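Raw contents of coords-v1.pdb, PDB, C-alpha atoms and all ligand atoms:
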```pdb
ATOM      1  CA  MET A   1    -162.792  57.940 -44.589  1.00  0.00           C
ATOM      2  CA  SER A   2    -165.054  55.024 -45.432  1.00  0.00           C
ATOM      3  CA  ARG A   3    -165.169  51.899 -43.383  1.00  0.00           C
ATOM      4  CA  LYS A   4    -163.755  49.868 -46.224  1.00  0.00           C
ATOM      5  CA  SER A   5    -160.591  51.921 -46.684  1.00  0.00           C
ATOM      6  CA  LYS A   6    -159.949  51.816 -42.966  1.00  0.00           C
ATOM      7  CA  TYR A   7    -159.892  48.045 -43.109  1.00  0.00           C
ATOM      8  CA  SER A   8    -157.598  47.930 -46.089  1.00  0.00           C
ATOM      9  CA  LEU A   9    -155.148  50.201 -44.283  1.00  0.00           C
ATOM     10  CA  LEU A  10    -155.217  47.811 -41.378  1.00  0.00           C
ATOM     11  CA  ALA A  11    -154.505  44.933 -43.718  1.00  0.00           C
ATOM     12  CA  VAL A  12    -151.454  46.734 -45.107  1.00  0.00           C
ATOM     13  CA  ALA A  13    -150.216  47.355 -41.589  1.00  0.00           C
ATOM     14  CA  LEU A  14    -150.641  43.702 -40.699  1.00  0.00           C
ATOM     15  CA  VAL A  15    -148.727  42.566 -43.755  1.00  0.00           C
ATOM     16  CA  ALA A  16    -145.927  44.969 -42.877  1.00  0.00           C
ATOM     17  CA  LEU A  17    -145.848  43.633 -39.328  1.00  0.00           C
ATOM     18  CA  ALA A  18    -145.780  40.072 -40.563  1.00  0.00           C
ATOM     19  CA  ALA A  19    -142.854  40.895 -42.827  1.00  0.00           C
ATOM     20  CA  CYS A  20    -140.945  42.372 -39.884  1.00  0.00           C
ATOM     21  CA  GLY A  21    -141.685  39.297 -37.840  1.00  0.00           C
ATOM     22  CA  SER A  22    -140.290  36.916 -40.397  1.00  0.00           C
ATOM     23  CA  THR A  23    -136.965  38.741 -40.713  1.00  0.00           C
ATOM     24  CA  SER A  24    -136.470  38.991 -36.965  1.00  0.00           C
ATOM     25  CA  ASP A  25    -136.641  35.202 -36.730  1.00  0.00           C
ATOM     26  CA  THR A  26    -133.289  34.933 -38.384  1.00  0.00           C
ATOM     27  CA  THR A  27    -131.583  38.217 -37.636  1.00  0.00           C
ATOM     28  CA  GLN A  28    -131.797  40.275 -34.491  1.00  0.00           C
ATOM     29  CA  ALA A  29    -130.993  43.840 -35.300  1.00  0.00           C
ATOM     30  CA  PRO A  30    -129.739  45.826 -32.315  1.00  0.00           C
ATOM     31  CA  GLY A  31    -132.557  47.650 -30.606  1.00  0.00           C
ATOM     32  CA  LYS A  32    -135.078  45.263 -32.113  1.00  0.00           C
ATOM     33  CA  GLY A  33    -136.560  42.078 -30.843  1.00  0.00           C
ATOM     34  CA  LYS A  34    -136.026  40.650 -27.411  1.00  0.00           C
ATOM     35  CA  LEU A  35    -133.572  41.908 -24.860  1.00  0.00           C
ATOM     36  CA  THR A  36    -131.100  39.366 -23.669  1.00  0.00           C
ATOM     37  CA  TYR A  37    -131.022  39.183 -19.919  1.00  0.00           C
ATOM     38  CA  LEU A  38    -128.321  37.499 -17.958  1.00  0.00           C
ATOM     39  CA  GLY A  39    -129.376  34.525 -15.913  1.00  0.00           C
ATOM     40  CA  LYS A  40    -131.302  35.122 -12.720  1.00  0.00           C
ATOM     41  CA  GLU A  41    -128.371  33.876 -10.710  1.00  0.00           C
ATOM     42  CA  SER A  42    -126.297  36.794 -12.019  1.00  0.00           C
ATOM     43  CA  ILE A  43    -128.495  39.290 -10.177  1.00  0.00           C
ATOM     44  CA  PRO A  44    -126.677  39.978  -6.928  1.00  0.00           C
ATOM     45  CA  LYS A  45    -128.659  39.340  -3.769  1.00  0.00           C
ATOM     46  CA  ASP A  46    -126.180  41.268  -1.723  1.00  0.00           C
ATOM     47  CA  LYS A  47    -126.749  45.032  -1.444  1.00  0.00           C
ATOM     48  CA  ALA A  48    -123.086  46.016  -1.647  1.00  0.00           C
ATOM     49  CA  GLU A  49    -122.601  43.835  -4.670  1.00  0.00           C
ATOM     50  CA  MET A  50    -125.652  45.350  -6.301  1.00  0.00           C
ATOM     51  CA  VAL A  51    -124.448  48.923  -5.697  1.00  0.00           C
ATOM     52  CA  PHE A  52    -121.066  47.970  -6.982  1.00  0.00           C
ATOM     53  CA  GLN A  53    -122.349  46.339 -10.159  1.00  0.00           C
ATOM     54  CA  GLN A  54    -125.154  48.754 -10.931  1.00  0.00           C
ATOM     55  CA  THR A  55    -123.602  52.022  -9.825  1.00  0.00           C
ATOM     56  CA  CYS A  56    -119.828  51.792  -9.891  1.00  0.00           C
ATOM     57  CA  MET A  57    -119.478  49.449 -12.821  1.00  0.00           C
ATOM     58  CA  ALA A  58    -121.799  51.593 -14.942  1.00  0.00           C
ATOM     59  CA  CYS A  59    -118.823  53.929 -15.287  1.00  0.00           C
ATOM     60  CA  HIS A  60    -115.837  51.918 -14.160  1.00  0.00           C
ATOM     61  CA  ALA A  61    -116.373  48.925 -16.419  1.00  0.00           C
ATOM     62  CA  THR A  62    -117.340  50.983 -19.437  1.00  0.00           C
ATOM     63  CA  GLY A  63    -114.358  53.264 -19.818  1.00  0.00           C
ATOM     64  CA  VAL A  64    -116.197  56.333 -18.468  1.00  0.00           C
ATOM     65  CA  GLY A  65    -114.091  56.117 -15.322  1.00  0.00           C
ATOM     66  CA  PRO A  66    -110.674  54.526 -14.830  1.00  0.00           C
ATOM     67  CA  VAL A  67    -110.297  50.860 -13.964  1.00  0.00           C
ATOM     68  CA  ILE A  68    -110.550  50.556 -10.176  1.00  0.00           C
ATOM     69  CA  LEU A  69    -110.434  46.787  -9.804  1.00  0.00           C
ATOM     70  CA  GLY A  70    -107.279  44.851  -9.073  1.00  0.00           C
ATOM     71  CA  ARG A  71    -105.305  47.954  -8.176  1.00  0.00           C
ATOM     72  CA  ASP A  72    -105.086  47.521  -4.427  1.00  0.00           C
ATOM     73  CA  LEU A  73    -106.674  50.923  -3.903  1.00  0.00           C
ATOM     74  CA  PRO A  74    -106.994  51.655  -0.166  1.00  0.00           C
ATOM     75  CA  PRO A  75    -110.616  51.444   1.046  1.00  0.00           C
ATOM     76  CA  GLU A  76    -110.306  54.877   2.694  1.00  0.00           C
ATOM     77  CA  ALA A  77    -109.367  56.482  -0.615  1.00  0.00           C
ATOM     78  CA  ILE A  78    -112.206  54.730  -2.394  1.00  0.00           C
ATOM     79  CA  LYS A  79    -114.657  56.021   0.201  1.00  0.00           C
ATOM     80  CA  LEU A  80    -113.366  59.559  -0.162  1.00  0.00           C
ATOM     81  CA  PHE A  81    -113.903  59.409  -3.900  1.00  0.00           C
ATOM     82  CA  VAL A  82    -117.419  58.078  -3.468  1.00  0.00           C
ATOM     83  CA  ARG A  83    -118.449  60.614  -0.798  1.00  0.00           C
ATOM     84  CA  HIS A  84    -116.863  63.659  -2.385  1.00  0.00           C
ATOM     85  CA  GLY A  85    -116.545  62.891  -6.063  1.00  0.00           C
ATOM     86  CA  ASN A  86    -113.731  64.170  -8.198  1.00  0.00           C
ATOM     87  CA  ARG A  87    -114.128  66.007 -11.485  1.00  0.00           C
ATOM     88  CA  ALA A  88    -116.276  63.677 -13.651  1.00  0.00           C
ATOM     89  CA  MET A  89    -116.878  61.304 -10.749  1.00  0.00           C
ATOM     90  CA  PRO A  90    -120.090  62.264  -8.960  1.00  0.00           C
ATOM     91  CA  ALA A  91    -120.361  62.303  -5.172  1.00  0.00           C
ATOM     92  CA  PHE A  92    -122.721  59.835  -3.521  1.00  0.00           C
ATOM     93  CA  THR A  93    -124.451  60.844  -0.295  1.00  0.00           C
ATOM     94  CA  GLU A  94    -125.425  58.564   2.571  1.00  0.00           C
ATOM     95  CA  ALA A  95    -128.969  58.645   1.280  1.00  0.00           C
ATOM     96  CA  MET A  96    -127.727  57.024  -1.925  1.00  0.00           C
ATOM     97  CA  ILE A  97    -125.223  54.590  -0.437  1.00  0.00           C
ATOM     98  CA  ASP A  98    -125.298  54.072   3.331  1.00  0.00           C
ATOM     99  CA  ASN A  99    -122.071  53.832   5.329  1.00  0.00           C
ATOM    100  CA  GLU A 100    -122.253  50.122   5.909  1.00  0.00           C
ATOM    101  CA  THR A 101    -122.784  49.379   2.248  1.00  0.00           C
ATOM    102  CA  LEU A 102    -120.018  51.764   1.224  1.00  0.00           C
ATOM    103  CA  ASP A 103    -117.610  50.078   3.637  1.00  0.00           C
ATOM    104  CA  ARG A 104    -118.292  46.791   1.959  1.00  0.00           C
ATOM    105  CA  VAL A 105    -118.140  48.215  -1.569  1.00  0.00           C
ATOM    106  CA  ALA A 106    -114.775  49.830  -0.770  1.00  0.00           C
ATOM    107  CA  GLU A 107    -113.494  46.567   0.650  1.00  0.00           C
ATOM    108  CA  MET A 108    -114.711  44.699  -2.411  1.00  0.00           C
ATOM    109  CA  VAL A 109    -112.993  47.099  -4.803  1.00  0.00           C
ATOM    110  CA  SER A 110    -109.818  47.190  -2.738  1.00  0.00           C
ATOM    111  CA  LYS A 111    -109.479  43.419  -2.548  1.00  0.00           C
ATOM    112  CA  SER A 112    -110.537  42.688  -6.107  1.00  0.00           C
ATOM    113  CA  LYS A 113    -108.050  40.801  -8.182  1.00  0.00           C
ATOM    114  CA  ALA A 114    -108.579  42.057 -11.688  1.00  0.00           C
ATOM    115  CA  PRO A 115    -111.151  43.910 -13.754  1.00  0.00           C
ATOM    116  CA  ALA A 116    -114.285  41.817 -14.075  1.00  0.00           C
ATOM    117  CA  THR A 117    -114.999  43.367 -17.416  1.00  0.00           C
ATOM    118  CA  GLN A 118    -112.689  45.149 -19.764  1.00  0.00           C
ATOM    119  CA  ALA A 119    -113.880  48.358 -21.303  1.00  0.00           C
ATOM    120  CA  ALA A 120    -114.764  47.909 -24.957  1.00  0.00           C
ATOM    121  CA  GLN A 121    -111.912  49.103 -27.099  1.00  0.00           C
TER     122      GLN A 121
HETATM  123  C1  LIG B 201    -120.986  58.602 -13.478  1.00  0.00           C
HETATM  124  C2  LIG B 201    -119.823  57.793 -13.583  1.00  0.00           C
HETATM  125  C3  LIG B 201    -119.197  57.214 -12.324  1.00  0.00           C
HETATM  126  C4  LIG B 201    -119.809  56.443 -11.357  1.00  0.00           C
HETATM  127  C5  LIG B 201    -121.252  56.021 -11.272  1.00  0.00           C
HETATM  128  C6  LIG B 201    -118.763  56.097 -10.418  1.00  0.00           C
HETATM  129  N1  LIG B 201    -117.581  56.647 -10.804  1.00  0.00           N
HETATM  130 FE1  LIG B 201    -115.810  56.500  -9.835  1.00  0.00          FE
HETATM  131  N2  LIG B 201    -114.939  57.711 -11.202  1.00  0.00           N
HETATM  132  C7  LIG B 201    -115.548  58.227 -12.337  1.00  0.00           C
HETATM  133  C8  LIG B 201    -114.603  59.037 -13.079  1.00  0.00           C
HETATM  134  C9  LIG B 201    -114.890  59.741 -14.374  1.00  0.00           C
HETATM  135  C10 LIG B 201    -113.398  59.022 -12.348  1.00  0.00           C
HETATM  136  C11 LIG B 201    -112.111  59.765 -12.671  1.00  0.00           C
HETATM  137  C12 LIG B 201    -112.197  61.115 -12.009  1.00  0.00           C
HETATM  138  C13 LIG B 201    -111.027  61.989 -12.373  1.00  0.00           C
HETATM  139  O1  LIG B 201    -109.930  61.750 -11.847  1.00  0.00           O
HETATM  140  O2  LIG B 201    -111.232  62.882 -13.173  1.00  0.00           O
HETATM  141  C14 LIG B 201    -113.635  58.170 -11.172  1.00  0.00           C
HETATM  142  C15 LIG B 201    -112.693  57.890 -10.200  1.00  0.00           C
HETATM  143  C16 LIG B 201    -112.856  56.962  -9.195  1.00  0.00           C
HETATM  144  C17 LIG B 201    -111.806  56.530  -8.294  1.00  0.00           C
HETATM  145  C18 LIG B 201    -110.358  56.992  -8.331  1.00  0.00           C
HETATM  146  C19 LIG B 201    -109.609  56.124  -9.306  1.00  0.00           C
HETATM  147  C20 LIG B 201    -108.296  56.711  -9.724  1.00  0.00           C
HETATM  148  O3  LIG B 201    -107.527  55.964 -10.349  1.00  0.00           O
HETATM  149  O4  LIG B 201    -108.065  57.900  -9.519  1.00  0.00           O
HETATM  150  C21 LIG B 201    -112.361  55.626  -7.450  1.00  0.00           C
HETATM  151  C22 LIG B 201    -111.653  54.863  -6.324  1.00  0.00           C
HETATM  152  C23 LIG B 201    -113.754  55.480  -7.810  1.00  0.00           C
HETATM  153  N3  LIG B 201    -114.022  56.316  -8.889  1.00  0.00           N
HETATM  154  C24 LIG B 201    -114.638  54.638  -7.186  1.00  0.00           C
HETATM  155  C25 LIG B 201    -115.989  54.537  -7.501  1.00  0.00           C
HETATM  156  C26 LIG B 201    -116.931  53.707  -6.794  1.00  0.00           C
HETATM  157  C27 LIG B 201    -116.566  52.783  -5.634  1.00  0.00           C
HETATM  158  C28 LIG B 201    -118.143  53.896  -7.369  1.00  0.00           C
HETATM  159  C29 LIG B 201    -119.468  53.295  -6.976  1.00  0.00           C
HETATM  160  C30 LIG B 201    -119.979  53.674  -5.688  1.00  0.00           C
HETATM  161  C31 LIG B 201    -117.962  54.839  -8.476  1.00  0.00           C
HETATM  162  N4  LIG B 201    -116.649  55.214  -8.501  1.00  0.00           N
HETATM  163  C32 LIG B 201    -118.969  55.302  -9.300  1.00  0.00           C
HETATM  164  C33 LIG B 201    -116.853  58.007 -12.711  1.00  0.00           C
HETATM  165  C34 LIG B 201    -117.799  57.333 -11.970  1.00  0.00           C
END
```

When written as structure tokens, how does the structure in this file appear?
Ligand code: HEC
Amino acid sequence: MSRKSKYSLLAVALVALAACGSTSDTTQAPGKGKLTYLGKESIPKDKAEMVFQQTCMACHATGVGPVILGRDLPPEAIKLFVRHGNRAMPAFTEAMIDNETLDRVAEMVSKSKAPATQAAQ
């Protein structure tokens, strides 16, 4: 391939990129463009809260698992589920969630008022 044709290919690529750029200014197709992050203040500083949001809610706020918030579930039962799993619910060992954190997660779930997020219908 000659030097010249290499450059013209590059030019075509640049034009194509520029075209993409101009459309993404107005529309943001899913999977394209920037990710939208929640505000910094929404990142939990507390370990139990982080486990709860990142681990439990990954299934329990998405419809993968049943709603567990606002149901007055006893903390002991919640801990049994977490340590032993049940059918599609995986078990979490102490290496994954230590006892102290699990106590607090169970308490949090037990005392919660209502689902923080509804599963998408
Ligand atoms: C990979 C997905 C997944 C994750 C992560 C997960 N769960 Fe579950 N969970 C499930 C599913 C699915 C069920 C329903 C199991 C069944 O009965 O078949 C369930 C059931 C439960 C139940 C019993 C609810 C009921 O009505 O029977 C509790 C309590 C529970 N999970 C708590 C938790 C907690 C606390 C965490 C975080 C430490 C968590 N789960 C993480 C999927 C998950």

All residues 10 Å or closer to range 79-94 of chain A, only C-alpha atoms, same chain fewer than 4 positions away omitted, as an NGL selection string: :A and (56 or 59 or 64-65 or 74-75 or 98-103 or 105-107)

Given the file above and the PyMOL selection byres (((chain A and resi 111) around 9) and not hetatm), which residues are selected, and can you give them as a ChimeraX atom specification? /A:69-75,106-110,112-113

Please report the interatomic distance between CA of Leu38 in chain A and atom C33 of ligand LIG 201 (chain B) in Å with one decimal. 24.1 Å

Would you compute an axis-aligned box for ligand LIG 201 (chain B), covering every atom listed for it in the file with 8 Å of margin on each side, and report centre and edge lengths in Å to one decimal as JSON?
```
{"center_x": -114.4, "center_y": 57.8, "center_z": -10.0, "size_x": 29.7, "size_y": 26.1, "size_z": 24.7}
```

At what distance in Å, to one decimal, does CA of Met57 in chain A lie from atom N3 of ligand LIG 201 (chain B)? 9.6 Å

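The smallest atom-to-atom distance between ligand LIG 201 (chain B) and any of A:Ala61, A:Ala114, A:Met50, A:Ile68, using all atoms listed in the file, is found for A:Ile68.
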
Nearest to ligand LIG 201 (chain B): which of A:Thr62, A:Lys45, A:Ala95, A:Thr55 is it, counting only C-alpha atoms and all ligand atoms?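 Looking at the shortest contact to ligand LIG 201 (chain B), the residue is A:Thr55.
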